[in-house]
Every structure is written in structure tokens, then in C-alpha cells.
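S.K.: Okay, here's the structure, questions in a sec.
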Amino acid sequence: MGERVVHIGAGSAVFTRGLLADMILRGDEAELALVDTDTHALRVAAGLARKMVESRDAPITVTASEDRREVLSDATAVICTIGVGGRRAWERDVFIPRRYGIYQPVGDTVMPGGASRALRMVPAMVEIATDVLDLAPDALLFNYGNPMSAVCRGMRKATGAPVVGLCHGVHHVLAQLAGLLGLDRDSMGWDASGINHLTWFTGLWSEGRDVWPDLRSLIPSPGQPAPCDPFCWDLFRLFGAYPAVGDRHVSEFFAPLFPGGKYGDAVLGVDAFSFEGTIEHGDRAYAAMEADALGPGALPDEYWRRIGGEHEQVLDIIDAIRRDTGQRFSVNLPNGGQAPNLPLGAVVESPAIATGGGLRPVAQPPLPEGVAGTLATRFQWVETVVEAALEGSRSKFVQALILDGACPSVRVAEQLADELLQAQAEFLPRFA
């Protein structure tokens with residue numbers, strides 16, 4: 001591969017582990033520079049990486065730095081996985097709105113949690129983009145941080161950096177749908193467009209055969225059990241397009257349909273898609289990797305198995321660009337017409353092919369009008385929350401909360417905005 005990869009946000013140890021495993025399994029020579037502003041998290045990531053490389057005698061050089069500017073020069077690819085404030089700030093994004101009767105199973109993309117996270121993420125990612133343009137202007141630049149559309153839009157709006165947003169959600173759902181149809185995921189082609197975590201499939205084919213009618217034949221009648229994610233299948237039945245990436249994320253875009261978080265007999269984020277469970281799992285996984293990285297023993301063999309997760313396509317994309325393969329990937333890029341009835345310039349999630357000149361969007365059919373309607377305010381929400389983040393504007397933060405639709409009144413939106421701003425103040429210098 002011969003790449004010089006800079007991973008900013010390497011304290012995301014699960015991502016670092018998966019990325020290293022993929023690099024080692026490829027067997028290519030490469031350099032990997034790990035960056036994190038958290039000294040201990042960086043020590044864990046670097047310890048893990050060095051143990052993995054040394055135990056397999058892989059031709060990969062690992063360095064680590066708390067200052068990204070020290071390692072960005074000559075980078076050929078920059079991968080960003082930062083999460084400003086980490087899981088503790090994320091908890092505040094979810095638990096504070098609960099006091100107002102707003103339940104979020106994820107809270108990182110839309111709803112008050114997504115807006116609050118955007119205020120932390122956008123300025124930090126703009127600073128990273130500025131440094132990349134200064135020190136590694138020819139590097140491929142990838143973002144995995146959420147809220148995806150807002151982060152990528154903010155980076156491009158403020159700096160013009162050609163960032164590509166990546167998420168494995170569409171890739172994961174495509175595999176899920178292929179499984180339901182008894183087909184091989186790698187044989188599948190697809191049409192899908194929308195906003196990250198609400199991207200709508202409108203076509204599927206396998207080895208030249210249209211299999212969309214086969215998928216539609218699986219739609220259950222009202223009241224009958226769905227193969228999975230019942231809300232997504234209800235939307236498929238009603239709108240004629242299948243939304244990715246499952247009820248856990250998709251439900252957050254339709255908060256008024258789930259008053260009090262009611263999801264069947266469960267509550268979103270509590271009994272259904274437990275947020276506490278997600279946090280506990282993350283803390284437990286990090287503690288285990290911390291012990292493995294810093295302890296005296298050898299790493300378990302499982303560290304070198306290819307695992308699924310957010311990291312799983314980025315090396316394939318880099319390799320496909322270098323080799324000009326024309327391979328198809330789901331990516332987040334500005335809409336230059338590839339999504340014909342979504343706003344021009346908005347960061348949309350849709351297919352693109354990898355060429356020697358980079359990722360080229362694939363023209364998509366227009367979304368059904370009802371589906372386009374579900375996205376109508378979402379891209380305006382993105383613009384509003386990006387402006388709030390860049391300007392440090394409380395007023396625009398409140399506007400974003402109202403546009404989102406989860407707050408029951410203007411008064412609640414204002415109170416919630418003030419409480420979130422106070423709780424996250426250490427990460428929001430522009431609001432000081």
C-alpha cells in the first residue's frame with residue numbers, strides 16, 4: 001500500500017484496533033501516525049498498535065503524537081474519528097433531554113443530542129481541516145465523526161477541505177437485505193440517497209437482475225411481524241423506499257411519532273436500544289483493550305481477525321482510488337446533482353465510484369416525493385446547527401432544536417438549549 005496514514009482521534013481504540021488489523025492482514029508496507037489530545041488514551045492506542053505490529057512482524061511503522069501538526073506533513077491519508085468530550089459528554093447529550101421527556105436511543109445525529117454534539121464537533125473538525133490543508137493538502141481526508149452531514153458541511157463551508165464522510169451503515173444494511181434475499185452481499189448493486197442515518201434504498205440488483213421486487217414481496221401486511229426493524233418496514237410499505245440504518249437511528253428522525261419515546265411496549269433508549277447499554281459496552285471494551293495494551297501479556301489471537309465496524313471500508317476505498325478500480329462505495333459528499341431532488345451543496349449520502357481522481361458520485365433516481373419530504377427540513381437543520389457552532393450562536397442553537405421537531409414547545413427548546421450549553425461549556429469556547 002505504501003501509505004502514510006494519520007489517524008486523528010486514535011483514542012477511539014476499537015477503531016484503531018480494527019484499522020490496524022486490516023492493515024496487518026493486507027501485508028503492505030505503511031506508516032501509521034496515531035494522534036489524540038488525551039495523553040492516556042493515546043498511550044493505550046499506541047501500546048495496542050505496537051503490540052499488534054510486533055507480534056505479527058508487520059511492515060508497519062507506528063508513531064504517536066498529541067500534536068497533529070507534528071505528524072501531518074507528507075500524509076497520504078488522514079482519518080478522523082474524534083469525539084469531543086468522549087462518552088461522558090455524550091451521556092449529557094442524552095440524559096439532559098430525558099428530563100424534558102425526550103428519549104434518544106443514540107443522540108449523536110439529530111434530536112437535541114445530535115445538535116449538542118455538533119456544537120462541539122464542528123469547530124474542532126474545522127481546525128483539523130485547516131491544518132490538513134496547510135500541511136498535507138494532497139492527502140485523502142476522511143471523517144467518521146457524527147453528526148456526519150453537519151460535520152462535513154461545516155468543514156467544507158469554513159475551509160473548502162475536500163472531506164469525505166464515511167459510515168458503514170448503508171454497507172451493513174445492504175448485507176442485511178442481501179441476507180434476507182439469500183444473495184451474496186458482494187454481488188449487489190444499489191441505488192440509495194439521503195442524509196447519513198436516514199438514507200433511502202430505492203433499487204437493488206444482483207448480477208444484472210433487478211431484485212427490488214423480491215425485496216418488496218417481503219413487506220409484511222399491517223400488524224404482521226417484520227423481518228427486522230419494524231418501523232423501517234412500515235416506512236418501506238408506506239413510501240416505497242427502504243430507510244437505512246435501522247430503527248435505532250431512523251426513529252430519531254421521526255421523534256413526534258414516538259411521544260415519550262414509546263416504541264411498542266418499550267421506551268427508546270431505555271428498554272429498546274438501551275443507551276446505557278451502549279455506554280457500558282463502550283466503557284467495558286475500552287477497559288479490556290487498556291489492560292491488553294498496557295499489561296505484560298501477549299494479545300489474544302482475536303485481535304488479528306477482521307472485524308466489522310466503522311473502519312471496515314476505509315482501506316478498501318484508499319486502495320480502490322490508488323488502483324482506479326471503479327468500485328462502488330456509499331459515501332457522504334456535497335450534492336452536485338447526484339441526488340436530483342435534494343438541495344444542491346448539501347452533504348448527502350449516496351453511492352460513488354473510486355477512480356484515480358478520487359470518489360465520483362453516481363447519479364441517483366429522484367427520491368419519491370414523500371421520501372424527499374422526510375428530508376426537507378433536515379438539510380436546513382444542518383445549515384442552522386453548523387452556523388450555530390461556527391458563530392457560537394445560542395439563538396441559532398434554539399432554532400435548530402425547534403427545526404428538529406423533538407421539543408414540544410419553544411419554551412422547552414430554550415430551556416434545554418441553556419442547560420446543554422452550560423453542561424458542555426468546557427467544550428464550547430465560542431459560546432463563552
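Chain labels A, B, ... are given in the sequence in which chains occur in the C-alpha cells; within each chain residues are numbered consecutively from 1, and ligands are likewise numbered from 1 in the order shown.
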Determine, counting only C-alpha atoms, which protein, DNA and RNA residues have an atom within 9 Å of an atom of Val14 in chain A; residues of the same chain fewer than 2 positions away are not included. Present the result as a list in words.

M.R.: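 With the cut-off at 9 Å, the set is Gly11, Ser12, Thr16, Arg17, Gly18, Leu19, Gly282, Ala285, Tyr286, Met289 and Gly309 of chain A.
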
S.K.: Can you write just those residues out, N, CA and C atoms, as a PDB file, in the first residue's frame?

M.R.:
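Written out: result.pdb:
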```pdb
ATOM      1  N   GLY A  11      -7.653   7.657  20.175  1.00  0.00           N
ATOM      2  CA  GLY A  11      -8.186   7.163  21.440  1.00  0.00           C
ATOM      3  C   GLY A  11      -9.449   6.345  21.257  1.00  0.00           C
ATOM      4  N   SER A  12     -10.057   6.422  20.065  1.00  0.00           N
ATOM      5  CA  SER A  12     -11.158   5.518  19.712  1.00  0.00           C
ATOM      6  C   SER A  12     -10.544   4.146  19.464  1.00  0.00           C
ATOM      7  N   THR A  16      -9.093   2.015  16.142  1.00  0.00           N
ATOM      8  CA  THR A  16      -7.657   1.813  15.948  1.00  0.00           C
ATOM      9  C   THR A  16      -7.333   0.327  15.813  1.00  0.00           C
ATOM     10  N   ARG A  17      -7.938  -0.475  16.666  1.00  0.00           N
ATOM     11  CA  ARG A  17      -7.700  -1.919  16.602  1.00  0.00           C
ATOM     12  C   ARG A  17      -8.141  -2.486  15.254  1.00  0.00           C
ATOM     13  N   GLY A  18      -9.347  -2.123  14.803  1.00  0.00           N
ATOM     14  CA  GLY A  18      -9.840  -2.643  13.532  1.00  0.00           C
ATOM     15  C   GLY A  18      -9.010  -2.172  12.356  1.00  0.00           C
ATOM     16  N   LEU A  19      -8.615  -0.897  12.382  1.00  0.00           N
ATOM     17  CA  LEU A  19      -7.791  -0.357  11.303  1.00  0.00           C
ATOM     18  C   LEU A  19      -6.454  -1.083  11.231  1.00  0.00           C
ATOM     19  N   GLY A 282     -19.196   0.289  25.631  1.00  0.00           N
ATOM     20  CA  GLY A 282     -18.023   1.051  25.233  1.00  0.00           C
ATOM     21  C   GLY A 282     -16.995   1.154  26.334  1.00  0.00           C
ATOM     22  N   ALA A 285     -15.389  -2.361  26.791  1.00  0.00           N
ATOM     23  CA  ALA A 285     -14.477  -2.709  25.698  1.00  0.00           C
ATOM     24  C   ALA A 285     -13.185  -1.913  25.814  1.00  0.00           C
ATOM     25  N   TYR A 286     -13.315  -0.640  26.187  1.00  0.00           N
ATOM     26  CA  TYR A 286     -12.105   0.179  26.321  1.00  0.00           C
ATOM     27  C   TYR A 286     -11.244  -0.326  27.475  1.00  0.00           C
ATOM     28  N   MET A 289      -9.306  -3.367  26.381  1.00  0.00           N
ATOM     29  CA  MET A 289      -8.189  -3.034  25.486  1.00  0.00           C
ATOM     30  C   MET A 289      -7.085  -2.296  26.231  1.00  0.00           C
ATOM     31  N   GLY A 309     -17.276  -3.028  11.505  1.00  0.00           N
ATOM     32  CA  GLY A 309     -17.311  -1.760  12.229  1.00  0.00           C
ATOM     33  C   GLY A 309     -17.018  -0.607  11.308  1.00  0.00           C
TER      34      GLY A 309
END
```

S.K.: Using only C-alpha atoms, what does the table of range 270-360 of chain A residues within 10 Å of range 134-154 of chain A look like, with each row giving the shortest atom pair and its distance in Å to one decimal, sorted by chain and ascending number, as JSON lines?

M.R.:
```
{"residue": "A:Glu310", "atom": "CA", "partner": "A:Tyr144", "partner_atom": "CA", "distance": 7.6}
{"residue": "A:His311", "atom": "CA", "partner": "A:Tyr144", "partner_atom": "CA", "distance": 8.7}
{"residue": "A:Val314", "atom": "CA", "partner": "A:Phe142", "partner_atom": "CA", "distance": 8.2}
{"residue": "A:Ile318", "atom": "CA", "partner": "A:Leu140", "partner_atom": "CA", "distance": 7.9}
{"residue": "A:Ile321", "atom": "CA", "partner": "A:Leu140", "partner_atom": "CA", "distance": 9.7}
{"residue": "A:Val331", "atom": "CA", "partner": "A:Phe142", "partner_atom": "CA", "distance": 9.9}
{"residue": "A:Asn332", "atom": "CA", "partner": "A:Ser149", "partner_atom": "CA", "distance": 7.3}
{"residue": "A:Leu333", "atom": "CA", "partner": "A:Cys152", "partner_atom": "CA", "distance": 8.1}
{"residue": "A:Pro334", "atom": "CA", "partner": "A:Arg153", "partner_atom": "CA", "distance": 7.8}
{"residue": "A:Gly345", "atom": "CA", "partner": "A:Arg153", "partner_atom": "CA", "distance": 8.6}
{"residue": "A:Ala346", "atom": "CA", "partner": "A:Arg153", "partner_atom": "CA", "distance": 7.1}
{"residue": "A:Val347", "atom": "CA", "partner": "A:Ser149", "partner_atom": "CA", "distance": 5.4}
{"residue": "A:Val348", "atom": "CA", "partner": "A:Ser149", "partner_atom": "CA", "distance": 7.0}
{"residue": "A:Glu349", "atom": "CA", "partner": "A:Ser149", "partner_atom": "CA", "distance": 8.4}
{"residue": "A:Gly358", "atom": "CA", "partner": "A:Leu140", "partner_atom": "CA", "distance": 8.5}
```

S.K.: Interatomic distance between CA of Asp184 in chain A and CA of Trp233 in chain A?

M.R.: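 Atom-to-atom, CA of Asp184 in chain A and CA of Trp233 in chain A are spaced 21.5 Å apart.
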
S.K.: Residues of range 298-393 of chain A classed as helix (DSSP H, G or I) by DSSP on the backbone are to be reported as a ChimeraX atom specification.

M.R.: /A:301-304,310-323,369-375,378-391

S.K.: Given only C-alpha atoms as the basis, pick out the residue of A:Glu31, A:Asp319, A:Glu54, A:Asp247 nearest to His197 in chain A.

M.R.: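 Between A:Glu31, A:Asp319, A:Glu54, A:Asp247, the residue approaching His197 in chain A most closely is A:Asp247.
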
S.K.: Could you jot down the CA of Gly27 in chain A to CA of Met52 in chain A separation for me, Å, one decimal place?

M.R.: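 Separation between CA of Gly27 in chain A and CA of Met52 in chain A: 12.9 Å.
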
S.K.: Do a neighbour search on Phe427 in chain A at 9 Å with only C-alpha atoms, toss out local chain neighbours closer than 4 positions, and write the hits as a list in words.

M.R.: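 My list of contacting residues is Val84, Gly85, Leu119 and Arg120 of chain A.
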
S.K.: Could you save the residues just selected, with C-alpha atoms, as a PDB file, in the first residue's frame?

M.R.:
```pdb
ATOM      1  CA  VAL A  84     -15.089  15.882  21.563  1.00  0.00           C
ATOM      2  CA  GLY A  85     -15.839  15.205  25.243  1.00  0.00           C
ATOM      3  CA  LEU A 119     -21.633  22.393  18.598  1.00  0.00           C
ATOM      4  CA  ARG A 120     -18.578  20.547  19.951  1.00  0.00           C
TER       5      ARG A 120
END
```

S.K.: Would you compute the distance between CA of Val382 in chain A and CA of Ala115 in chain A? Give it in Å to one decimal.

M.R.: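 Those two atoms sit 8.8 Å apart.
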
S.K.: Can you list, as a ChimeraX atom specification, every protein, DNA or RNA residue that comes within 9 Å of Ile128 in chain A when you count only C-alpha atoms, leaving out same-chain residues fewer than 4 positions away?

M.R.: /A:8,68,80,123-124,132-133,155

S.K.: In terms of the shortest atom-to-atom distance over only C-alpha atoms, which of A:Ala298, A:Ile60, A:Ala413, A:Val250 is closest to Leu198 in chain A?

M.R.: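 Looking at the shortest contact to Leu198 in chain A, the residue is A:Val250.
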
S.K.: Could you give me, as a list in words, the residues within 12 Å of Gly295 in chain A, counting only C-alpha atoms and dropping anything in the same chain fewer than 4 positions from it?

M.R.: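 These residues fall inside the cut-off: Val44, Gly47, Leu48, Lys51, Ala287, Ala288, Met289, Glu290, Ala291 and Leu299 of chain A.
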
S.K.: Would you put the residues from that selection into a file with N, CA and C atoms, as a compact mmCIF listing (two decimals), in the first residue's frame?

M.R.:
```txt
# COMPACT_ATOMS: atom_id res chain seq x y z
N VAL A 44 -2.68 4.18 25.37
CA VAL A 44 -3.36 2.90 25.17
C VAL A 44 -3.37 2.51 23.69
N GLY A 47 0.16 1.62 22.53
CA GLY A 47 0.58 0.34 23.08
C GLY A 47 -0.07 -0.82 22.37
N LEU A 48 -1.36 -0.68 22.11
CA LEU A 48 -2.09 -1.71 21.39
C LEU A 48 -1.52 -1.89 19.98
N LYS A 51 2.00 -3.53 19.94
CA LYS A 51 1.93 -4.97 20.24
C LYS A 51 1.42 -5.75 19.03
N ALA A 287 -11.87 -0.67 28.59
CA ALA A 287 -11.11 -1.16 29.75
C ALA A 287 -10.36 -2.44 29.39
N ALA A 288 -11.00 -3.32 28.62
CA ALA A 288 -10.33 -4.57 28.23
C ALA A 288 -9.13 -4.29 27.33
N MET A 289 -9.31 -3.37 26.38
CA MET A 289 -8.19 -3.03 25.49
C MET A 289 -7.09 -2.30 26.23
N GLU A 290 -7.46 -1.48 27.20
CA GLU A 290 -6.48 -0.80 28.04
C GLU A 290 -5.60 -1.82 28.76
N ALA A 291 -6.24 -2.84 29.35
CA ALA A 291 -5.49 -3.87 30.05
C ALA A 291 -4.59 -4.64 29.10
N LEU A 299 -1.17 -10.29 23.23
CA LEU A 299 -2.55 -10.03 22.85
C LEU A 299 -3.24 -11.33 22.42
```

S.K.: Would you kindly return, as JSON, numbers by chain, each protein, DNA or RNA residue with an atom no farther than 9 Å from any atom of range 394-398 of chain A, considering only C-alpha atoms and excluding same-chain residues fewer than 4 positions away?

M.R.: {"A": [115, 116, 119, 384, 385, 387, 388, 389, 402, 403, 410, 413, 414, 416, 417, 418, 421, 431]}

S.K.: Extract, using only C-alpha atoms, all DNA, RNA and protein residues at most 12 Å from Arg328 in chain A, discarding same-chain residues fewer than 4 positions from it, and format them as a list of chain:residue names.

M.R.: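 Near neighbours after the sequence-gap exclusion: A:His171, A:Asp186, A:Ser187, A:Met188, A:Gly189, A:Trp190, A:Asp191, A:Gln313, A:Asp316, A:Ile317, A:Ala320, A:Ile321, A:Asp324, A:Ser350, A:Pro351, A:Ala352, A:Ile353, A:Ala354, A:Thr355, A:Gly358, A:Leu359, A:Arg360, A:Pro361, A:Val362.
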
S.K.: Okay, now the selection with C-alpha atoms, as a PDB file, in the first residue's frame?

M.R.:
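This is the output file selection.pdb:
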```pdb
ATOM      1  CA  HIS A 171     -22.873  -1.195   3.819  1.00  0.00           C
ATOM      2  CA  ASP A 186     -20.626  -8.668  -2.913  1.00  0.00           C
ATOM      3  CA  SER A 187     -22.927  -9.388  -5.852  1.00  0.00           C
ATOM      4  CA  MET A 188     -25.210  -6.469  -5.009  1.00  0.00           C
ATOM      5  CA  GLY A 189     -25.633  -3.087  -6.659  1.00  0.00           C
ATOM      6  CA  TRP A 190     -27.861  -0.422  -5.192  1.00  0.00           C
ATOM      7  CA  ASP A 191     -29.446   3.000  -5.522  1.00  0.00           C
ATOM      8  CA  GLN A 313     -14.157   0.158   4.234  1.00  0.00           C
ATOM      9  CA  ASP A 316     -10.559  -0.592   0.583  1.00  0.00           C
ATOM     10  CA  ILE A 317     -11.530   2.905  -0.566  1.00  0.00           C
ATOM     11  CA  ALA A 320      -9.526   1.446  -4.930  1.00  0.00           C
ATOM     12  CA  ILE A 321      -8.637   5.100  -5.564  1.00  0.00           C
ATOM     13  CA  ASP A 324      -8.558   3.328 -10.219  1.00  0.00           C
ATOM     14  CA  SER A 350     -25.183   8.125  -1.833  1.00  0.00           C
ATOM     15  CA  PRO A 351     -23.063   5.783  -3.982  1.00  0.00           C
ATOM     16  CA  ALA A 352     -19.789   6.868  -5.548  1.00  0.00           C
ATOM     17  CA  ILE A 353     -17.188   5.045  -7.583  1.00  0.00           C
ATOM     18  CA  ALA A 354     -13.486   5.094  -6.792  1.00  0.00           C
ATOM     19  CA  THR A 355     -11.334   6.461  -9.600  1.00  0.00           C
ATOM     20  CA  GLY A 358     -10.973  10.353  -6.246  1.00  0.00           C
ATOM     21  CA  LEU A 359     -14.549   9.383  -5.444  1.00  0.00           C
ATOM     22  CA  ARG A 360     -17.058  10.267  -8.176  1.00  0.00           C
ATOM     23  CA  PRO A 361     -20.748  10.369  -7.212  1.00  0.00           C
ATOM     24  CA  VAL A 362     -23.139   8.124  -9.119  1.00  0.00           C
TER      25      VAL A 362
END
```
